[in-house]
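K.L.:
Got a structure for you, my_file-v7.cif, holding mmCIF, C-alpha atoms.
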```
data_run
#
loop_
_atom_site.group_PDB
_atom_site.id
_atom_site.type_symbol
_atom_site.label_atom_id
_atom_site.label_comp_id
_atom_site.auth_asym_id
_atom_site.auth_seq_id
_atom_site.Cartn_x
_atom_site.Cartn_y
_atom_site.Cartn_z
ATOM 1 C CA MET A 1 107.327 225.832 -2.085
ATOM 2 C CA ASN A 2 103.547 226.397 -1.983
ATOM 3 C CA ARG A 3 102.738 228.922 -4.725
ATOM 4 C CA GLN A 4 98.944 228.891 -4.214
ATOM 5 C CA PRO A 5 98.101 231.004 -7.289
ATOM 6 C CA GLN A 6 94.609 229.579 -7.175
ATOM 7 C CA LEU A 7 93.762 232.668 -5.107
ATOM 8 C CA MET A 8 93.829 235.550 -7.607
ATOM 9 C CA ASP A 9 94.292 238.331 -5.055
ATOM 10 C CA GLU A 10 96.119 241.655 -5.247
ATOM 11 C CA SER A 11 99.528 240.108 -4.618
ATOM 12 C CA ARG A 12 99.107 237.416 -7.272
ATOM 13 C CA MET A 13 97.781 239.876 -9.868
ATOM 14 C CA ARG A 14 100.701 242.201 -9.208
ATOM 15 C CA ASP A 15 103.160 239.339 -9.769
ATOM 16 C CA ILE A 16 101.536 238.501 -13.107
ATOM 17 C CA LEU A 17 101.050 242.030 -14.439
ATOM 18 C CA THR A 18 104.181 243.871 -13.265
ATOM 19 C CA PRO A 19 106.487 242.457 -15.980
ATOM 20 C CA HIS A 20 104.061 243.798 -18.609
ATOM 21 C CA LEU A 21 103.388 247.291 -17.185
ATOM 22 C CA ALA A 22 104.983 249.056 -20.126
ATOM 23 C CA GLN A 23 102.408 247.420 -22.393
ATOM 24 C CA ILE A 24 99.333 247.909 -20.201
ATOM 25 C CA ARG A 25 100.129 250.982 -18.085
ATOM 26 C CA GLU A 26 97.520 253.191 -19.772
ATOM 27 C CA HIS A 27 94.780 250.673 -19.056
ATOM 28 C CA VAL A 28 95.585 249.476 -15.533
ATOM 29 C CA PHE A 29 95.779 251.008 -12.064
ATOM 30 C CA MET A 30 96.730 248.999 -8.986
ATOM 31 C CA ASN A 31 97.801 249.625 -5.420
ATOM 32 C CA SER A 32 97.296 247.761 -2.145
ATOM 33 C CA GLU A 33 93.712 249.051 -1.840
ATOM 34 C CA LEU A 34 92.157 248.667 -5.258
ATOM 35 C CA GLY A 35 92.794 247.710 -8.838
ATOM 36 C CA MET A 36 91.203 248.957 -12.044
ATOM 37 C CA VAL A 37 91.300 247.820 -15.654
ATOM 38 C CA ARG A 38 89.944 250.057 -18.388
ATOM 39 C CA GLY A 39 88.996 248.398 -21.611
ATOM 40 C CA ASP A 40 92.157 246.441 -22.390
ATOM 41 C CA HIS A 41 91.991 242.757 -23.352
ATOM 42 C CA THR A 42 95.695 242.143 -22.648
ATOM 43 C CA VAL A 43 95.187 241.950 -18.875
ATOM 44 C CA PHE A 44 92.757 239.063 -19.180
ATOM 45 C CA SER A 45 94.961 237.287 -21.712
ATOM 46 C CA LEU A 46 97.834 237.435 -19.214
ATOM 47 C CA LEU A 47 95.661 236.050 -16.422
ATOM 48 C CA MET A 48 94.374 233.251 -18.673
ATOM 49 C CA ARG A 49 97.929 231.965 -19.106
ATOM 50 C CA HIS A 50 98.019 231.027 -15.431
ATOM 51 C CA LYS A 51 95.762 227.990 -15.593
ATOM 52 C CA PRO A 52 92.278 228.779 -14.314
ATOM 53 C CA PRO A 53 90.086 228.125 -12.379
ATOM 54 C CA PHE A 54 90.757 230.953 -9.947
ATOM 55 C CA THR A 55 89.221 232.020 -6.668
ATOM 56 C CA ILE A 56 88.955 235.544 -5.266
ATOM 57 C CA ASP A 57 88.549 236.913 -1.746
ATOM 58 C CA ASP A 58 87.392 240.437 -2.559
ATOM 59 C CA HIS A 59 84.637 242.412 -4.303
ATOM 60 C CA ARG A 60 84.910 243.112 -8.040
ATOM 61 C CA LEU A 61 82.477 245.160 -10.113
ATOM 62 C CA GLY A 62 82.708 245.741 -13.824
ATOM 63 C CA ILE A 63 81.099 246.693 -17.098
ATOM 64 C CA VAL A 64 81.447 244.523 -20.177
ATOM 65 C CA MET A 65 81.624 247.290 -22.781
ATOM 66 C CA GLY A 66 82.178 245.100 -25.828
ATOM 67 C CA GLY A 67 82.967 241.617 -27.037
ATOM 68 C CA GLU A 68 81.868 238.459 -25.257
ATOM 69 C CA ALA A 69 83.076 235.786 -22.877
ATOM 70 C CA ASP A 70 82.163 232.233 -21.898
ATOM 71 C CA ILE A 71 82.956 231.819 -18.199
ATOM 72 C CA SER A 72 82.053 229.291 -15.534
ATOM 73 C CA ILE A 73 81.213 231.285 -12.398
ATOM 74 C CA ASN A 74 80.496 229.287 -9.255
ATOM 75 C CA LEU A 75 79.954 226.137 -11.346
ATOM 76 C CA GLN A 76 77.425 227.710 -13.713
ATOM 77 C CA ASP A 77 78.296 228.456 -17.322
ATOM 78 C CA ARG A 78 77.688 232.059 -18.343
ATOM 79 C CA HIS A 79 77.771 233.708 -21.749
ATOM 80 C CA ILE A 80 78.418 237.378 -21.097
ATOM 81 C CA LYS A 81 78.412 240.063 -23.774
ATOM 82 C CA GLY A 82 78.632 243.821 -24.147
ATOM 83 C CA GLY A 83 76.094 245.859 -22.218
ATOM 84 C CA THR A 84 76.340 243.788 -19.034
ATOM 85 C CA LEU A 85 77.165 244.819 -15.480
ATOM 86 C CA VAL A 86 79.051 242.092 -13.603
ATOM 87 C CA TYR A 87 79.708 241.465 -9.916
ATOM 88 C CA ILE A 88 81.816 238.693 -8.407
ATOM 89 C CA GLY A 89 82.320 238.499 -4.662
ATOM 90 C CA PRO A 90 84.494 236.795 -2.045
ATOM 91 C CA GLY A 91 84.689 233.036 -2.432
ATOM 92 C CA THR A 92 83.761 233.027 -6.115
ATOM 93 C CA ILE A 93 85.269 230.318 -8.328
ATOM 94 C CA ILE A 94 85.970 231.633 -11.839
ATOM 95 C CA HIS A 95 86.925 229.523 -14.836
ATOM 96 C CA PRO A 96 87.198 231.538 -18.080
ATOM 97 C CA ARG A 97 86.615 229.228 -21.056
ATOM 98 C CA HIS A 98 86.776 231.671 -23.964
ATOM 99 C CA LEU A 99 87.345 235.421 -24.249
ATOM 100 C CA SER A 100 86.749 237.081 -27.600
ATOM 101 C CA PRO A 101 89.651 239.186 -28.970
ATOM 102 C CA ASP A 102 87.477 242.322 -28.839
ATOM 103 C CA LEU A 103 86.487 241.854 -25.178
ATOM 104 C CA ARG A 104 86.586 245.186 -23.342
ATOM 105 C CA ILE A 105 85.882 245.458 -19.627
ATOM 106 C CA PHE A 106 85.961 248.499 -17.348
ATOM 107 C CA GLY A 107 86.170 247.180 -13.823
ATOM 108 C CA ILE A 108 87.354 247.695 -10.271
ATOM 109 C CA GLY A 109 88.480 245.308 -7.531
ATOM 110 C CA LEU A 110 88.372 246.277 -3.847
ATOM 111 C CA PHE A 111 91.285 244.590 -2.099
ATOM 112 C CA SER A 112 91.617 243.741 1.588
ATOM 113 C CA HIS A 113 93.116 247.137 2.544
ATOM 114 C CA PHE A 114 90.286 249.111 0.965
ATOM 115 C CA THR A 115 87.959 250.741 3.501
ATOM 116 C CA MET A 116 84.478 249.615 2.471
ATOM 117 C CA PRO A 117 81.849 252.378 2.344
ATOM 118 C CA PHE A 118 79.407 250.352 4.473
ATOM 119 C CA ALA A 119 79.573 248.411 7.707
ATOM 120 C CA GLN A 120 78.916 244.687 7.108
ATOM 121 C CA GLN A 121 75.396 244.839 8.565
ATOM 122 C CA GLN A 122 74.585 247.852 6.382
ATOM 123 C CA MET A 123 75.830 246.522 3.048
ATOM 124 C CA PRO A 124 73.336 246.773 0.178
ATOM 125 C CA SER A 125 71.535 243.457 -0.235
ATOM 126 C CA ALA A 126 73.407 242.537 -3.425
ATOM 127 C CA PHE A 127 76.747 242.659 -1.566
ATOM 128 C CA CYS A 128 75.899 241.352 1.914
ATOM 129 C CA GLY A 129 77.301 237.869 1.259
ATOM 130 C CA GLN A 130 74.105 236.012 0.369
ATOM 131 C CA VAL A 131 74.860 236.414 -3.347
ATOM 132 C CA ARG A 132 78.243 235.359 -4.732
ATOM 133 C CA ASP A 133 77.859 236.789 -8.214
ATOM 134 C CA PHE A 134 75.420 238.304 -10.668
ATOM 135 C CA GLN A 135 75.323 239.562 -14.256
ATOM 136 C CA LEU A 136 72.893 242.304 -15.279
ATOM 137 C CA PRO A 137 72.129 243.088 -18.939
ATOM 138 C CA VAL A 138 71.073 246.739 -18.758
ATOM 139 C CA GLY A 139 69.974 249.591 -20.968
ATOM 140 C CA ASP A 140 72.133 252.434 -22.223
ATOM 141 C CA ASP A 141 71.151 254.871 -19.442
ATOM 142 C CA ASP A 142 72.017 252.496 -16.587
ATOM 143 C CA LEU A 143 75.212 251.458 -18.363
ATOM 144 C CA SER A 144 76.174 255.100 -18.817
ATOM 145 C CA THR A 145 75.625 255.841 -15.112
ATOM 146 C CA ALA A 146 77.948 253.007 -14.080
ATOM 147 C CA ARG A 147 80.506 254.099 -16.678
ATOM 148 C CA GLN A 148 80.449 257.719 -15.456
ATOM 149 C CA ILE A 149 81.040 256.679 -11.830
ATOM 150 C CA LEU A 150 83.953 254.408 -12.811
ATOM 151 C CA ASP A 151 85.364 257.152 -15.050
ATOM 152 C CA THR A 152 85.315 259.544 -12.104
ATOM 153 C CA ILE A 153 87.078 257.033 -9.832
ATOM 154 C CA TRP A 154 89.669 256.445 -12.574
ATOM 155 C CA HIS A 155 90.400 260.180 -12.812
ATOM 156 C CA VAL A 156 90.545 260.644 -9.010
ATOM 157 C CA VAL A 157 93.100 257.852 -8.479
ATOM 158 C CA HIS A 158 95.243 259.198 -11.312
ATOM 159 C CA ALA A 159 95.053 262.858 -10.242
ATOM 160 C CA HIS A 160 97.595 262.550 -7.417
ATOM 161 C CA ALA A 161 99.855 259.816 -6.080
ATOM 162 C CA ASP A 162 98.104 260.233 -2.711
ATOM 163 C CA TYR A 163 94.529 260.507 -3.964
ATOM 164 C CA HIS A 164 91.626 261.578 -1.739
ATOM 165 C CA ARG A 165 90.369 258.286 -0.323
ATOM 166 C CA PRO A 166 87.062 259.564 1.123
ATOM 167 C CA THR A 167 86.101 260.680 -2.397
ATOM 168 C CA VAL A 168 86.845 257.234 -3.833
ATOM 169 C CA THR A 169 84.940 255.577 -0.973
ATOM 170 C CA ALA A 170 81.902 257.787 -1.590
ATOM 171 C CA LEU A 171 82.004 257.059 -5.316
ATOM 172 C CA MET A 172 82.186 253.314 -4.598
ATOM 173 C CA ALA A 173 79.118 253.652 -2.379
ATOM 174 C CA ALA A 174 77.283 255.276 -5.288
ATOM 175 C CA LEU A 175 78.385 252.530 -7.684
ATOM 176 C CA MET A 176 77.322 249.769 -5.284
ATOM 177 C CA HIS A 177 73.935 251.413 -4.706
ATOM 178 C CA HIS A 178 73.476 251.628 -8.485
ATOM 179 C CA TYR A 179 74.288 247.930 -8.938
ATOM 180 C CA ASP A 180 72.112 247.012 -5.956
ATOM 181 C CA ARG A 181 69.069 248.823 -7.353
ATOM 182 C CA LEU A 182 69.394 247.060 -10.692
ATOM 183 C CA PHE A 183 70.042 243.712 -8.989
ATOM 184 C CA ARG A 184 66.895 243.986 -6.849
ATOM 185 C CA GLN A 185 64.891 245.125 -9.868
ATOM 186 C CA GLN A 186 65.999 242.062 -11.831
ATOM 187 C CA ALA A 187 65.402 239.789 -8.832
ATOM 188 C CA ASP A 188 61.828 241.052 -8.491
ATOM 189 C CA GLN A 189 61.165 240.447 -12.176
ATOM 190 C CA THR A 190 62.718 236.986 -12.057
ATOM 191 C CA ALA A 191 60.828 235.971 -8.914
ATOM 192 C CA ALA A 192 57.534 236.596 -10.652
ATOM 193 C CA SER A 193 58.294 233.985 -13.317
ATOM 194 C CA ARG A 194 60.720 231.619 -11.579
ATOM 195 C CA SER A 195 59.525 228.125 -10.800
ATOM 196 C CA ARG A 196 59.903 226.673 -7.322
ATOM 197 C CA GLU A 197 62.383 224.164 -8.753
ATOM 198 C CA GLN A 198 64.606 226.950 -10.090
ATOM 199 C CA THR A 199 64.547 228.722 -6.731
ATOM 200 C CA ILE A 200 65.568 225.486 -4.998
ATOM 201 C CA PHE A 201 68.331 224.937 -7.570
ATOM 202 C CA ASP A 202 69.788 228.421 -7.063
ATOM 203 C CA ARG A 203 69.922 227.951 -3.294
ATOM 204 C CA PHE A 204 71.370 224.456 -3.679
ATOM 205 C CA ILE A 205 74.212 225.654 -5.942
ATOM 206 C CA GLN A 206 75.024 228.427 -3.476
ATOM 207 C CA LEU A 207 75.308 225.919 -0.618
ATOM 208 C CA VAL A 208 77.331 223.442 -2.689
ATOM 209 C CA THR A 209 79.813 226.148 -3.677
ATOM 210 C CA GLN A 210 80.309 227.028 -0.012
ATOM 211 C CA HIS A 211 80.367 223.563 1.584
ATOM 212 C CA CYS A 212 81.357 220.902 -0.973
ATOM 213 C CA ALA A 213 84.796 220.373 0.576
ATOM 214 C CA GLU A 214 83.245 219.344 3.896
ATOM 215 C CA HIS A 215 79.966 217.781 2.800
ATOM 216 C CA HIS A 216 79.813 215.362 -0.148
ATOM 217 C CA LEU A 217 76.310 213.911 0.295
ATOM 218 C CA THR A 218 72.980 215.190 -0.950
ATOM 219 C CA ALA A 219 71.406 214.498 2.443
ATOM 220 C CA TYR A 220 73.357 217.363 4.052
ATOM 221 C CA TYR A 221 72.018 219.925 1.560
ATOM 222 C CA ALA A 222 68.475 218.589 1.831
ATOM 223 C CA GLU A 223 68.635 219.031 5.601
ATOM 224 C CA ARG A 224 70.029 222.568 5.267
ATOM 225 C CA MET A 225 67.171 223.438 2.929
ATOM 226 C CA CYS A 226 64.514 221.715 5.086
ATOM 227 C CA LEU A 227 63.580 219.377 2.231
ATOM 228 C CA SER A 228 63.495 215.625 1.891
ATOM 229 C CA GLU A 229 66.440 214.199 -0.005
ATOM 230 C CA ARG A 230 64.097 212.669 -2.559
ATOM 231 C CA TYR A 231 62.310 215.958 -3.216
ATOM 232 C CA LEU A 232 65.591 217.884 -3.507
ATOM 233 C CA THR A 233 66.969 215.335 -5.986
ATOM 234 C CA THR A 234 63.823 215.566 -8.116
ATOM 235 C CA ALA A 235 63.768 219.373 -8.060
ATOM 236 C CA ILE A 236 67.427 219.679 -9.042
ATOM 237 C CA ARG A 237 67.013 217.268 -11.939
ATOM 238 C CA GLN A 238 63.923 219.115 -13.190
ATOM 239 C CA ALA A 239 65.625 222.505 -12.957
ATOM 240 C CA SER A 240 68.996 221.569 -14.438
ATOM 241 C CA GLY A 241 68.761 218.187 -16.137
ATOM 242 C CA THR A 242 71.578 216.982 -13.856
ATOM 243 C CA THR A 243 71.414 215.164 -10.538
ATOM 244 C CA ALA A 244 72.207 216.835 -7.236
ATOM 245 C CA LYS A 245 75.083 214.414 -6.634
ATOM 246 C CA GLU A 246 76.628 215.262 -9.993
ATOM 247 C CA TRP A 247 76.610 218.962 -9.055
ATOM 248 C CA ILE A 248 78.301 218.154 -5.737
ATOM 249 C CA ASP A 249 80.910 216.026 -7.503
ATOM 250 C CA ARG A 250 81.546 218.755 -10.061
ATOM 251 C CA ALA A 251 82.155 221.341 -7.338
ATOM 252 C CA LEU A 252 84.353 219.004 -5.311
ATOM 253 C CA ILE A 253 86.479 217.945 -8.286
ATOM 254 C CA THR A 254 87.008 221.616 -9.175
ATOM 255 C CA ARG A 255 88.277 222.321 -5.656
ATOM 256 C CA ILE A 256 90.536 219.264 -5.710
ATOM 257 C CA LYS A 257 92.006 220.232 -9.100
ATOM 258 C CA ILE A 258 92.815 223.699 -7.759
ATOM 259 C CA GLU A 259 94.695 222.159 -4.834
ATOM 260 C CA LEU A 260 96.542 219.634 -7.010
ATOM 261 C CA ARG A 261 97.471 222.101 -9.705
ATOM 262 C CA HIS A 262 98.497 225.080 -7.634
ATOM 263 C CA THR A 263 99.902 223.767 -4.339
ATOM 264 C CA ASP A 264 102.564 221.337 -3.235
ATOM 265 C CA LYS A 265 100.256 219.584 -0.801
ATOM 266 C CA PRO A 266 100.511 215.786 -0.901
ATOM 267 C CA ALA A 267 97.387 213.898 -1.931
ATOM 268 C CA ALA A 268 96.981 212.559 1.610
ATOM 269 C CA GLN A 269 96.748 216.100 2.986
ATOM 270 C CA ILE A 270 94.215 217.161 0.358
ATOM 271 C CA ALA A 271 92.188 214.025 1.076
ATOM 272 C CA ASP A 272 92.106 214.905 4.757
ATOM 273 C CA GLU A 273 91.226 218.567 4.155
ATOM 274 C CA MET A 274 88.446 217.528 1.769
ATOM 275 C CA HIS A 275 87.046 215.105 4.370
ATOM 276 C CA PHE A 276 87.672 211.826 2.570
ATOM 277 C CA ALA A 277 87.867 208.689 4.718
ATOM 278 C CA ASN A 278 91.392 207.884 3.536
ATOM 279 C CA PRO A 279 93.834 208.644 0.661
ATOM 280 C CA SER A 280 92.920 205.429 -1.157
ATOM 281 C CA PHE A 281 89.238 206.360 -1.341
ATOM 282 C CA PHE A 282 90.208 209.890 -2.392
ATOM 283 C CA SER A 283 92.346 208.531 -5.248
ATOM 284 C CA LYS A 284 89.632 206.144 -6.451
ATOM 285 C CA TYR A 285 87.024 208.929 -6.344
ATOM 286 C CA PHE A 286 89.204 211.317 -8.361
ATOM 287 C CA ARG A 287 90.106 208.657 -10.910
ATOM 288 C CA ARG A 288 86.478 207.604 -11.371
ATOM 289 C CA LEU A 289 85.436 211.173 -12.208
ATOM 290 C CA THR A 290 88.464 212.348 -14.191
ATOM 291 C CA GLY A 291 90.008 209.207 -15.673
ATOM 292 C CA MET A 292 93.380 209.795 -14.020
ATOM 293 C CA THR A 293 94.922 209.542 -10.580
ATOM 294 C CA PRO A 294 95.619 212.662 -8.512
ATOM 295 C CA GLY A 295 99.343 212.141 -9.087
ATOM 296 C CA ASP A 296 98.912 211.874 -12.864
ATOM 297 C CA TYR A 297 96.788 215.035 -12.914
ATOM 298 C CA LYS A 298 99.350 216.975 -10.889
ATOM 299 C CA ARG A 299 102.220 215.900 -13.160
ATOM 300 C CA ALA A 300 100.232 216.716 -16.290
#
```
Written as structure tokens, that's how I'd like the structure from this file.
P.N.:
Amino acid sequence: MNRQPQLMDESRMRDILTPHLAQIREHVFMNSELGMVRGDHTVFSLLMRHKPPFTIDDHRLGIVMGGEADISINLQDRHIKGGTLVYIGPGTIIHPRHLSPDLRIFGIGLFSHFTMPFAQQQMPSAFCGQVRDFQLPVGDDDLSTARQILDTIWHVVHAHADYHRPTVTALMAALMHHYDRLFRQQADQTAASRSREQTIFDRFIQLVTQHCAEHHLTAYYAERMCLSERYLTTAIRQASGTTAKEWIDRALITRIKIELRHTDKPAAQIADEMHFANPSFFSKYFRRLTGMTPGDYKRA
């Protein structure tokens, strides 16, 4: 049986949360279109029990209202605290490391059956697919605006069993425009002070997150970025203190661990899907970077 809980979608979340609805009912709403969590830490504690890292295939927007969290998002470690707006989009890899007991998040996830308020070519720039995730520390006024929109959505979906979907869609459009404005404002401020090396690093990490399973060599990413391999390697080391190849290996090992931990695929199949020359090379690669064989990791 292939459980595949590495994808934390609506179906998987429902399986995890349903046995605990009596405990969390006042803080959670979920149907086939969207899910909401309002300030309760229990939901995240339940999800943490199911062995991250996770991946998602939908759009999720939230407000960290209190507490703090250390989370690896798309291979980059983030320390997120109260007063932060958060977005994670399709394809994001999430690995929560530590969640404080007082963590409170008000958030919404738009599942596959939700009718998005924009056509793909008209999506606000923050949500058009070029950016996988962002975190925005904001002031009280901007935080309050996001909170008021989410509060209104919360009340609409609880008002009637068959709530008015056009109203929810319009409110989501307002929330996404609000996030997009703040995202572009932060991007403009950052661009003014960001070094060329940091810009290269950000683009490199985005490409690695998307393509590490198929492309394991630095040369591929240098070609995609129209840079020499030597220059890319130097820029990545200057920006992050780590080599480009180490970032590729880190991303690839994360993907392999997800497959080993959460599926029943044999190592030979994973090796083939991850574009290794043969299972023996795959096993040696995994052991060199983790200290154990794929079989040992799966059993552990």
K.L.:
Pull out every residue that the PyMOL selection byres ((chain A and resi 86) around 8) matches in the shown coordinates and put them as a PyMOL selection string.
P.N.:
chain A and resi 61-64+84-85+87-88+133-136
K.L.:
Using CA of Ile253 (chain A) and CA of Lys51 (chain A) as the two end points, give the distance in Å to one decimal.
P.N.:
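Result for CA of Ile253 (chain A) versus CA of Lys51 (chain A): 15.5 Å, one decimal.
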K.L.:
Nearest to Asp57 (chain A) among A:Ile270, A:Ala277, A:Leu110, A:Val138, with distances taken over only C-alpha atoms: which residue is it?
P.N.:
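Of A:Ile270, A:Ala277, A:Leu110, A:Val138, the one nearest Asp57 (chain A) is A:Leu110, counting only C-alpha atoms.
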K.L.:
Starting from the displayed file, determine the output of the PyMOL selection byres ((chain A and resi 35-49) around 6) and express the residue list as a list in words.
P.N.:
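Applying the PyMOL selection byres ((chain A and resi 35-49) around 6) to the structure shown produces His27, Val28, Phe29, Met30, Leu34, His50, Lys51, Leu103, Arg104, Ile105, Phe106, Gly107, Ile108 and Gly109 of chain A.
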K.L.:
Of the candidates A:Tyr221, A:Phe282, A:Tyr163, A:Trp247, which one gets nearest to Gln269 (chain A) if we count all atoms listed in the file?
P.N.:
A:Phe282
K.L.:
One decimal, in Å: what's the spacing between CA of Gly129 (chain A) and CA of Gly91 (chain A)?
P.N.:
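Taking CA of Gly129 (chain A) and CA of Gly91 (chain A), their separation equals 9.6 Å.
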K.L.:
List every residue of region 215-271 of chain A that has an atom at most 12 Å from any atom of region 95-102 of chain A, giving for each one its closest atom pair and the distance in Å to one decimal, counting all atoms listed in the file, sorted by chain and then by ascending residue number, as a Markdown table.
P.N.:
```
| residue | atom | partner | partner_atom | distance |
| --- | --- | --- | --- | --- |
| A:Thr254 | CA | A:His95 | CA | 9.7 |
| A:Arg255 | CA | A:His95 | CA | 11.7 |
| A:Ile258 | CA | A:His95 | CA | 10.9 |
```
K.L.:
In Å, rounded to a single decimal, give me how far CA of Leu150 (chain A) is from CA of Gly83 (chain A).
P.N.:
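Answer for the CA of Gly83 (chain A) to CA of Leu150 (chain A) separation: 14.9 Å.
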K.L.:
For the PyMOL selection byres ((chain A and resi 199) around 12), applied here, can you spell out every residue it catches as a ChimeraX atom specification?
P.N.:
/A:187,190-198,200-206,225,232,235-236,238-240
K.L.:
Could you write out as lines of an AutoDock Vina configuration file the box around region 87-97 of chain A (axis-aligned, all atoms listed in the file, 8 Å on each side), with centre and edge lengths in Å to one decimal?
P.N.:
```
center_x = 83.5
center_y = 235.3
center_z = -11.6
size_x = 23.5
size_y = 28.2
size_z = 35.0
```
K.L.:
Which is closer to His113 (chain A) than all the others in A:Val156, A:Asp141, A:Glu33, A:Pro166, using only C-alpha atoms?
P.N.:
A:Glu33
